[in-house]
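Trainee: Below is the structure I would like to discuss, written out as structure tokens.
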Amino acid sequence: MSALKDRLRDDLNTALKSRDALRTSVIRMALAAITNAEVAGKEARELTDDDVLTVLSSEAKKRRESATAFDEGNRPELAEKERAEAAILADYLPEPLSDEEIAAIVSDVIDRTGAAGEGMKAMGKVMGAVSAQTKGRADGGAVAAEVRRQLGA
């Protein structure tokens, strides 16, 4: 079983005992999303820590997008709740990369793959290599924007 999933279960018990309603609901939601991912597809399977991180990253991204939508819809109380949920999920995710770190990784990959002269045709090749290095630590949109910028789009 995934160590991260075990940590979530232990934290759920702690949150239940301390009567922390927000943390309890967020961890329950995360465990439900993990269970859904485990039973999705033709055959049930046990998720690895990387798979669990992918699920948690997706859930955190949903919370950030919802907070933005609630802000635009003039619903600050709901946006704040979504941000609080995202902050709890962030406790389980690796430290995010800074913009400078993303730029350095993209630059390194472009140099290693020799994609500098290819322009936007090399986008897929570069994104594949960069995504492997930034998985769970950087938003895909930010990475794609940096790749486009460095390839000269």
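FYI, nothing fancy with the structure tokens labels: chains A, B, ... in order, residues from 1 per chain, ligands from 1 as they appear.
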Taking 6 positions as the minimum chain separation for residues in the same chain, which residues sit within 8 Å of Val126 in chain A when counting only C-alpha atoms? Answer as a ChimeraX atom specification.
Mentor: /A:106,109-110,113,115,147
Trainee: List as a list in words the protein and nucleic acid residues near range 17-29 of chain A, meaning an atom at most 9 Å away when only C-alpha atoms are counted, but skip any in the same chain fewer than 5 places from it.
Mentor: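 The residues that qualify are Leu8, Arg9, Asp11, Leu12, Ile34, Glu59, Lys81, Ala84, Glu85, Ala86, Ile88 and Leu89 of chain A.
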Trainee: Limited to C-alpha atoms, could you put the picked residues into a file as a tab-separated table (two decimals), in the first residue's frame?
Mentor:
```tsv
chain	number	residue	atom	x	y	z
A	8	LEU	CA	-3.76	10.32	4.71
A	9	ARG	CA	-5.65	7.66	6.65
A	11	ASP	CA	-4.26	12.12	9.40
A	12	LEU	CA	-7.97	11.46	8.90
A	34	ILE	CA	-7.81	7.93	-4.67
A	59	GLU	CA	-7.61	17.74	-6.62
A	81	LYS	CA	-13.05	27.91	1.49
A	84	ALA	CA	-8.28	26.59	2.57
A	85	GLU	CA	-8.93	23.17	1.06
A	86	ALA	CA	-6.08	23.65	-1.43
A	88	ILE	CA	-4.57	21.35	3.25
A	89	LEU	CA	-3.92	19.34	0.09
```
Trainee: Name the closest residue to Pro96 in chain A among the candidates A:Ala40, A:Arg137, A:Thr14, A:Ala142; distances are taken between atoms, counting only C-alpha atoms.
Mentor: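 Result for the nearest residue to Pro96 in chain A: A:Arg137.
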Trainee: Can you pull out every residue from chain A that DSSP, working from the backbone, puts in helix (DSSP H, G or I), and format the result as an MDAnalysis selection string?
Mentor: chainID A and resid 3:17 21:39 49:72 76:90 99:113 119:134 140:151
Trainee: What's the 9 Å shell around Ala103 in chain A, counting only C-alpha atoms, without same-chain residues fewer than 6 positions away, as a list in words?
Mentor: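 Here the answer would be Val143, Glu146, Val147 and Gln150 of chain A.
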Trainee: How about saving the chosen residues, N, CA, C and O atoms kept, as a CSV table (one decimal), in the first residue's frame?
Mentor:
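Resulting contents of selection_37.csv:
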```csv
chain,number,residue,atom,x,y,z
A,143,VAL,N,4.5,25.5,-17.1
A,143,VAL,CA,5.6,24.8,-17.8
A,143,VAL,C,5.4,25.0,-19.3
A,143,VAL,O,6.4,25.4,-20.0
A,146,GLU,N,6.4,28.5,-20.4
A,146,GLU,CA,7.9,28.7,-20.3
A,146,GLU,C,8.5,28.0,-21.5
A,146,GLU,O,9.4,28.6,-22.1
A,147,VAL,N,8.1,26.8,-21.9
A,147,VAL,CA,8.6,26.1,-23.1
A,147,VAL,C,8.4,26.9,-24.3
A,147,VAL,O,9.3,27.2,-25.1
A,150,GLN,N,10.7,30.0,-24.4
A,150,GLN,CA,12.1,29.7,-24.7
A,150,GLN,C,12.3,29.1,-26.1
A,150,GLN,O,13.4,29.3,-26.7
```
